[in-house]
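Trainee: Got my_file-v2.pdb for you, PDB, C-alpha atoms, pLDDT in the B column:
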ATOM      1  CA  MET A   1      21.723   7.527  14.710  1.00 86.00           C
ATOM      2  CA  ALA A   2      21.013   9.976  11.905  1.00 88.00           C
ATOM      3  CA  HIS A   3      19.272   8.960   8.682  1.00 89.00           C
ATOM      4  CA  LYS A   4      18.982  11.095   5.554  1.00 85.00           C
ATOM      5  CA  SER A   5      15.906  11.522   3.422  1.00 82.00           C
ATOM      6  CA  ARG A   6      15.525  10.470  -0.173  1.00 77.00           C
ATOM      7  CA  ILE A   7      15.952  13.217  -2.783  1.00 74.00           C
ATOM      8  CA  ASP A   8      12.639  14.185  -4.334  1.00 69.00           C
ATOM      9  CA  TRP A   9      13.312  14.698  -8.037  1.00 72.00           C
ATOM     10  CA  CYS A  10       9.797  15.967  -8.757  1.00 72.00           C
ATOM     11  CA  ILE A  11      10.219  18.955  -6.409  1.00 70.00           C
ATOM     12  CA  LEU A  12      13.726  19.637  -7.762  1.00 75.00           C
ATOM     13  CA  ALA A  13      12.318  19.747 -11.300  1.00 79.00           C
ATOM     14  CA  SER A  14       9.622  22.179 -10.097  1.00 75.00           C
ATOM     15  CA  ILE A  15      12.299  24.406  -8.564  1.00 77.00           C
ATOM     16  CA  ALA A  16      14.218  24.436 -11.845  1.00 81.00           C
ATOM     17  CA  LEU A  17      11.009  25.351 -13.681  1.00 79.00           C
ATOM     18  CA  ALA A  18      10.279  28.210 -11.232  1.00 76.00           C
ATOM     19  CA  ILE A  19      13.836  29.539 -11.614  1.00 79.00           C
ATOM     20  CA  ALA A  20      13.514  29.361 -15.388  1.00 81.00           C
ATOM     21  CA  ALA A  21      10.200  31.252 -15.208  1.00 76.00           C
ATOM     22  CA  THR A  22      11.850  33.954 -13.077  1.00 75.00           C
ATOM     23  CA  VAL A  23      14.778  34.263 -15.491  1.00 78.00           C
ATOM     24  CA  MET A  24      12.390  34.491 -18.447  1.00 78.00           C
ATOM     25  CA  ARG A  25      10.861  37.570 -16.788  1.00 72.00           C
ATOM     26  CA  ALA A  26       7.733  36.022 -15.374  1.00 65.00           C
ATOM     27  CA  THR A  27       6.002  38.033 -12.713  1.00 70.00           C
ATOM     28  CA  CYS A  28       8.178  37.904  -9.589  1.00 67.00           C
ATOM     29  CA  TRP A  29       5.101  38.018  -7.359  1.00 72.00           C
ATOM     30  CA  ILE A  30       3.996  34.679  -8.774  1.00 72.00           C
ATOM     31  CA  ALA A  31       7.265  32.821  -9.295  1.00 71.00           C
ATOM     32  CA  GLY A  32       8.946  34.134  -6.122  1.00 75.00           C
ATOM     33  CA  PRO A  33       6.531  32.700  -3.512  1.00 80.00           C
ATOM     34  CA  VAL A  34       6.224  29.462  -5.467  1.00 75.00           C
ATOM     35  CA  LEU A  35      10.013  29.189  -5.529  1.00 76.00           C
ATOM     36  CA  LEU A  36      10.209  29.889  -1.796  1.00 78.00           C
ATOM     37  CA  ILE A  37       7.622  27.227  -0.960  1.00 77.00           C
ATOM     38  CA  LEU A  38       9.308  24.693  -3.216  1.00 72.00           C
ATOM     39  CA  LEU A  39      12.704  25.403  -1.675  1.00 74.00           C
ATOM     40  CA  LEU A  40      11.285  24.878   1.804  1.00 75.00           C
ATOM     41  CA  CYS A  41       9.690  21.593   0.708  1.00 69.00           C
ATOM     42  CA  ALA A  42      12.849  20.373  -1.003  1.00 66.00           C
ATOM     43  CA  TYR A  43      15.040  21.070   1.988  1.00 70.00           C
ATOM     44  CA  PRO A  44      16.116  17.589   2.975  1.00 74.00           C
ATOM     45  CA  GLN A  45      14.606  16.073   6.052  1.00 82.00           C
ATOM     46  CA  THR A  46      16.738  14.190   8.516  1.00 89.00           C
ATOM     47  CA  TYR A  47      15.549  11.474  10.845  1.00 92.00           C
ATOM     48  CA  GLN A  48      17.425  10.887  14.071  1.00 93.00           C
ATOM     49  CA  THR A  49      16.867   8.261  16.718  1.00 94.00           C
ATOM     50  CA  THR A  50      17.778   9.667  20.121  1.00 94.00           C
ATOM     51  CA  GLU A  51      17.324   8.509  23.694  1.00 93.00           C
ATOM     52  CA  GLN A  52      13.990  10.360  23.937  1.00 93.00           C
ATOM     53  CA  GLY A  53      12.464   9.367  20.601  1.00 95.00           C
ATOM     54  CA  LEU A  54      12.433   9.792  16.842  1.00 95.00           C
ATOM     55  CA  VAL A  55      13.349  13.345  15.808  1.00 95.00           C
ATOM     56  CA  VAL A  56      12.176  14.503  12.374  1.00 92.00           C
ATOM     57  CA  ARG A  57      13.853  17.730  11.225  1.00 89.00           C
ATOM     58  CA  ASP A  58      12.988  19.702   8.119  1.00 83.00           C
ATOM     59  CA  ALA A  59      13.423  23.287   6.985  1.00 79.00           C
ATOM     60  CA  LEU A  60      11.199  24.990   9.548  1.00 80.00           C
ATOM     61  CA  THR A  61      10.297  22.469  12.210  1.00 82.00           C
ATOM     62  CA  SER A  62      11.690  19.752  14.388  1.00 88.00           C
ATOM     63  CA  ARG A  63       9.327  17.086  15.729  1.00 91.00           C
ATOM     64  CA  LEU A  64      10.031  14.669  18.546  1.00 95.00           C
ATOM     65  CA  ILE A  65       7.977  11.478  18.607  1.00 95.00           C
ATOM     66  CA  PRO A  66       8.600   9.527  21.834  1.00 95.00           C
ATOM     67  CA  TYR A  67       9.105   5.793  21.292  1.00 95.00           C
ATOM     68  CA  GLU A  68       6.319   4.979  23.745  1.00 94.00           C
ATOM     69  CA  GLN A  69       3.854   6.881  21.520  1.00 94.00           C
ATOM     70  CA  ILE A  70       4.687   4.885  18.362  1.00 94.00           C
ATOM     71  CA  THR A  71       1.958   2.298  17.779  1.00 93.00           C
ATOM     72  CA  TRP A  72       2.926   0.966  14.329  1.00 93.00           C
ATOM     73  CA  ALA A  73       5.583   1.449  11.666  1.00 94.00           C
ATOM     74  CA  GLY A  74       5.712  -0.086   8.230  1.00 91.00           C
ATOM     75  CA  PRO A  75       5.431   0.540   4.501  1.00 89.00           C
ATOM     76  CA  GLY A  76       3.689   3.765   3.604  1.00 85.00           C
ATOM     77  CA  THR A  77       1.248   4.564   0.866  1.00 81.00           C
ATOM     78  CA  PRO A  78       2.996   3.705  -2.413  1.00 75.00           C
ATOM     79  CA  SER A  79       3.129   6.273  -5.173  1.00 71.00           C
ATOM     80  CA  ILE A  80       5.047   6.803  -8.389  1.00 68.00           C
ATOM     81  CA  PHE A  81       7.364   9.421  -6.905  1.00 66.00           C
ATOM     82  CA  TRP A  82       7.958   7.806  -3.476  1.00 68.00           C
ATOM     83  CA  PRO A  83       7.903   4.017  -3.828  1.00 70.00           C
ATOM     84  CA  LYS A  84       9.585   3.253  -0.495  1.00 78.00           C
ATOM     85  CA  ARG A  85       7.855   5.349   2.123  1.00 85.00           C
ATOM     86  CA  LEU A  86       7.824   4.539   5.812  1.00 90.00           C
ATOM     87  CA  ARG A  87       4.637   5.248   7.715  1.00 92.00           C
ATOM     88  CA  VAL A  88       4.911   5.845  11.452  1.00 94.00           C
ATOM     89  CA  GLU A  89       1.678   5.875  13.446  1.00 94.00           C
ATOM     90  CA  TYR A  90       1.790   7.415  16.890  1.00 93.00           C
ATOM     91  CA  GLY A  91      -0.505   8.832  19.537  1.00 88.00           C
ATOM     92  CA  MET A  92      -4.242   8.851  19.043  1.00 87.00           C
ATOM     93  CA  GLY A  93      -4.595   8.537  15.279  1.00 86.00           C
ATOM     94  CA  SER A  94      -1.582  10.596  14.202  1.00 91.00           C
ATOM     95  CA  ASN A  95       0.753   9.404  11.476  1.00 92.00           C
ATOM     96  CA  LEU A  96       3.736  10.591   9.513  1.00 89.00           C
ATOM     97  CA  GLU A  97       4.944   9.462   6.086  1.00 88.00           C
ATOM     98  CA  LEU A  98       8.741   9.458   5.895  1.00 89.00           C
ATOM     99  CA  THR A  99      10.959   8.976   2.849  1.00 86.00           C
ATOM    100  CA  PRO A 100      14.301   7.779   4.214  1.00 89.00           C
ATOM    101  CA  ALA A 101      17.140   6.908   1.855  1.00 88.00           C
ATOM    102  CA  ASP A 102      17.377   3.483   3.528  1.00 89.00           C
ATOM    103  CA  ARG A 103      13.979   2.457   4.855  1.00 89.00           C
ATOM    104  CA  ASP A 104      15.164  -0.874   6.252  1.00 90.00           C
ATOM    105  CA  ALA A 105      17.990   0.730   8.264  1.00 92.00           C
ATOM    106  CA  LEU A 106      15.613   3.234   9.867  1.00 92.00           C
ATOM    107  CA  LEU A 107      13.094   0.489  10.606  1.00 93.00           C
ATOM    108  CA  ALA A 108      15.812  -1.665  12.197  1.00 93.00           C
ATOM    109  CA  ASP A 109      16.992   1.290  14.276  1.00 94.00           C
ATOM    110  CA  LEU A 110      13.430   1.939  15.442  1.00 94.00           C
ATOM    111  CA  ALA A 111      13.021  -1.758  16.300  1.00 93.00           C
ATOM    112  CA  THR A 112      16.045  -1.706  18.608  1.00 94.00           C
ATOM    113  CA  ARG A 113      14.936   1.467  20.414  1.00 94.00           C
ATOM    114  CA  ALA A 114      11.167   0.965  20.633  1.00 92.00           C
ATOM    115  CA  THR A 115      11.172  -2.064  22.909  1.00 91.00           C
ATOM    116  CA  HIS A 116       7.366  -2.341  23.034  1.00 91.00           C
ATOM    117  CA  LEU A 117       7.276  -3.101  19.296  1.00 92.00           C
ATOM    118  CA  ALA A 118       8.228  -6.376  17.594  1.00 90.00           C
ATOM    119  CA  ARG A 119       9.496  -6.596  14.043  1.00 90.00           C
ATOM    120  CA  ARG A 120       7.422  -8.764  11.737  1.00 88.00           C
ATOM    121  CA  GLY A 121       8.852  -8.627   8.210  1.00 87.00           C
ATOM    122  CA  ASN A 122       8.836  -4.992   7.147  1.00 89.00           C
ATOM    123  CA  GLN A 123       6.558  -3.809   9.984  1.00 91.00           C
ATOM    124  CA  LEU A 124       6.839  -2.964  13.651  1.00 91.00           C
ATOM    125  CA  LEU A 125       3.822  -4.236  15.586  1.00 88.00           C
ATOM    126  CA  PRO A 126       2.929  -3.933  19.279  1.00 88.00           C
ATOM    127  CA  LYS A 127       4.096  -6.978  21.235  1.00 83.00           C
ATOM    128  CA  ASP A 128       0.941  -7.143  23.338  1.00 73.00           C
ATOM    129  CA  ARG A 129      -1.288  -7.396  20.270  1.00 63.00           C
ATOM    130  CA  GLN A 130       0.498 -10.367  18.817  1.00 53.00           C
ATOM    131  CA  VAL A 131      -2.018 -13.084  17.957  1.00 55.00           C
ATOM    132  CA  GLU A 132      -1.167 -16.736  17.512  1.00 53.00           C
ATOM    133  CA  TYR A 133      -3.573 -18.945  15.614  1.00 53.00           C
ATOM    134  CA  CYS A 134      -3.983 -22.659  15.975  1.00 53.00           C
ATOM    135  CA  PHE A 135      -5.586 -24.446  13.042  1.00 55.00           C
ATOM    136  CA  ARG A 136      -7.396 -27.742  13.592  1.00 55.00           C
ATOM    137  CA  ARG A 137      -7.472 -30.548  11.113  1.00 53.00           C
ATOM    138  CA  ALA A 138     -10.515 -32.689  10.532  1.00 55.00           C
ATOM    139  CA  GLY A 139      -9.052 -35.678  12.432  1.00 53.00           C
ATOM    140  CA  GLY A 140      -8.648 -33.827  15.711  1.00 52.00           C
ATOM    141  CA  PHE A 141      -4.997 -32.943  15.192  1.00 49.00           C
ATOM    142  CA  ARG A 142      -3.667 -29.517  15.887  1.00 49.00           C
ATOM    143  CA  ILE A 143      -0.943 -28.481  13.483  1.00 50.00           C
ATOM    144  CA  GLY A 144       2.432 -28.768  15.181  1.00 50.00           C
ATOM    145  CA  MET A 145       0.896 -29.599  18.570  1.00 46.00           C
ATOM    146  CA  GLY A 146       0.269 -33.358  18.326  1.00 42.00           C
ATOM    147  CA  ARG A 147      -2.975 -35.236  18.974  1.00 40.00           C
ATOM    148  CA  GLU A 148      -5.578 -33.889  21.426  1.00 41.00           C
TER     149      GLU A 148
END
Can I see the file as structure tokens?
Mentor:
Amino acid sequence: MAHKSRIDWCILASIALAIAATVMRATCWIAGPVLLILLLCAYPQTYQTTEQGLVVRDALTSRLIPYEQITWAGPGTPSIFWPKRLRVEYGMGSNLELTPADRDALLADLATRATHLARRGNQLLPKDRQVEYCFRRAGGFRIGMGRE
């Protein structure tokens, strides 16, 4: 299933400013490369869940992250410009911050395909690292378990 990325208004405003600087006869050697870099950054990313894994496509690259390599997925680092990021951790310490238009739909799609992960609220956690706690009361009772 294909998911679109969120439009980044900050980069679009920077592109408009670079175009305006070029039109106002700014040095083309300065505004041109900046405009090119901004256009490549603003090119919308797409996220696709395939049989092999999560495919992240942008202007120049296409990355395949196999589902078996994903160790955690959940809310990303919040910022003013991207309040609803999705952070995907995979491999040995690698991570990727995604900005999908619908974060919950992408997370639900990942939960159905990555069978080794369990959904807990707005996160995907490894099933084998699930910890259950049992709290004891002062009278020897275990909560929800009856008397010992």
Trainee: Can you list, as number ranges by chain, every protein, DNA or RNA residue that comes within 8 Å of segment 91-99 of chain A when you count all atoms listed in the file, leaving out same-chain residues fewer than 3 positions away?
Mentor: A: 5-6, 69-71, 76, 82, 84-88, 103
Trainee: Could you please take those selected residues and save C-alpha atoms as a CSV table (one decimal), in the frame of the given file?
Mentor:
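Now in again.csv:
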chain,number,residue,atom,x,y,z
A,5,SER,CA,15.9,11.5,3.4
A,6,ARG,CA,15.5,10.5,-0.2
A,69,GLN,CA,3.9,6.9,21.5
A,70,ILE,CA,4.7,4.9,18.4
A,71,THR,CA,2.0,2.3,17.8
A,76,GLY,CA,3.7,3.8,3.6
A,82,TRP,CA,8.0,7.8,-3.5
A,84,LYS,CA,9.6,3.3,-0.5
A,85,ARG,CA,7.9,5.3,2.1
A,86,LEU,CA,7.8,4.5,5.8
A,87,ARG,CA,4.6,5.2,7.7
A,88,VAL,CA,4.9,5.8,11.5
A,103,ARG,CA,14.0,2.5,4.9
Trainee: So what do you get for atom CA of Met1 of chain A versus atom CA of Thr77 of chain A, distance-wise?
Mentor: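 Computing the Euclidean distance for atom CA of Met1 of chain A and atom CA of Thr77 of chain A yields 24.9 Å.
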Trainee: Evaluate the PyMOL selection byres ((chain A and resi 68) around 12) on the structure here and hand back the selected residues as a VMD selection string.
Mentor: chain A and resid 51 to 54 64 to 67 69 to 72 89 to 91 110 113 to 117 126
Trainee: Using Å and a single decimal, report how far atom CA of Ala16 of chain A sits from atom CA of Asp58 of chain A.
Mentor: 20.6 Å
Trainee: Taking only C-alpha atoms into account, name the residue in A:Asp102, A:Gly32, A:Thr49, A:Val56 that is nearest to Ile7 of chain A.
Mentor: A:Asp102
Trainee: Using the file's own x, y and z axes, what box holds all listed atoms of segment 92-110 of chain A with 4 Å on each side, keeping edges along x, y and z, and what are its centre and edge lengths in Å to one decimal, as lines of an AutoDock Vina configuration file?
Mentor:
center_x = 6.7
center_y = 4.5
center_z = 10.4
size_x = 30.6
size_y = 20.3
size_z = 25.2
Trainee: Compile the contact shell of Ile37 of chain A as a CSV table (one decimal) with C-alpha atoms, keeping the file's coordinate frame: residues with an atom at most 12 Å away, counting only C-alpha atoms, same-chain residues fewer than 4 positions apart removed.
Mentor:
chain,number,residue,atom,x,y,z
A,11,ILE,CA,10.2,19.0,-6.4
A,12,LEU,CA,13.7,19.6,-7.8
A,14,SER,CA,9.6,22.2,-10.1
A,15,ILE,CA,12.3,24.4,-8.6
A,18,ALA,CA,10.3,28.2,-11.2
A,30,ILE,CA,4.0,34.7,-8.8
A,31,ALA,CA,7.3,32.8,-9.3
A,32,GLY,CA,8.9,34.1,-6.1
A,33,PRO,CA,6.5,32.7,-3.5
A,41,CYS,CA,9.7,21.6,0.7
A,42,ALA,CA,12.8,20.4,-1.0
A,43,TYR,CA,15.0,21.1,2.0
A,59,ALA,CA,13.4,23.3,7.0
A,60,LEU,CA,11.2,25.0,9.5
Trainee: Quick one: pull the distance between atom CA of Ala118 of chain A and atom CA of Val55 of chain A, Å, one decimal.
Mentor: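 Separation of atom CA of Ala118 of chain A and atom CA of Val55 of chain A: 20.5 Å.
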Trainee: Closest to Leu107 of chain A among A:Asp128, A:Ala73, A:Thr46, A:Arg120, using all atoms listed in the file?
Mentor: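 Selected residue with least distance to Leu107 of chain A: A:Ala73.
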Trainee: For Arg63 of chain A, which of A:Pro75, A:Met24, A:Val34, A:Gln45 is the closest residue, counting only C-alpha atoms?
Mentor: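 That would be A:Gln45, the residue with the smallest distance to Arg63 of chain A.
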Trainee: So, with only C-alpha atoms as the atoms that count, which of A:Leu35, A:Ala101, A:Arg57, A:Gln48 lies closest to Pro83 of chain A?
Mentor: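 Smallest separation from Pro83 of chain A among the options: A:Ala101.
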Trainee: Pick the closest to Ala2 of chain A from A:Ala111, A:Leu124, A:Leu106, A:Leu17: which is it, counting all atoms listed in the file?
Mentor: A:Leu106
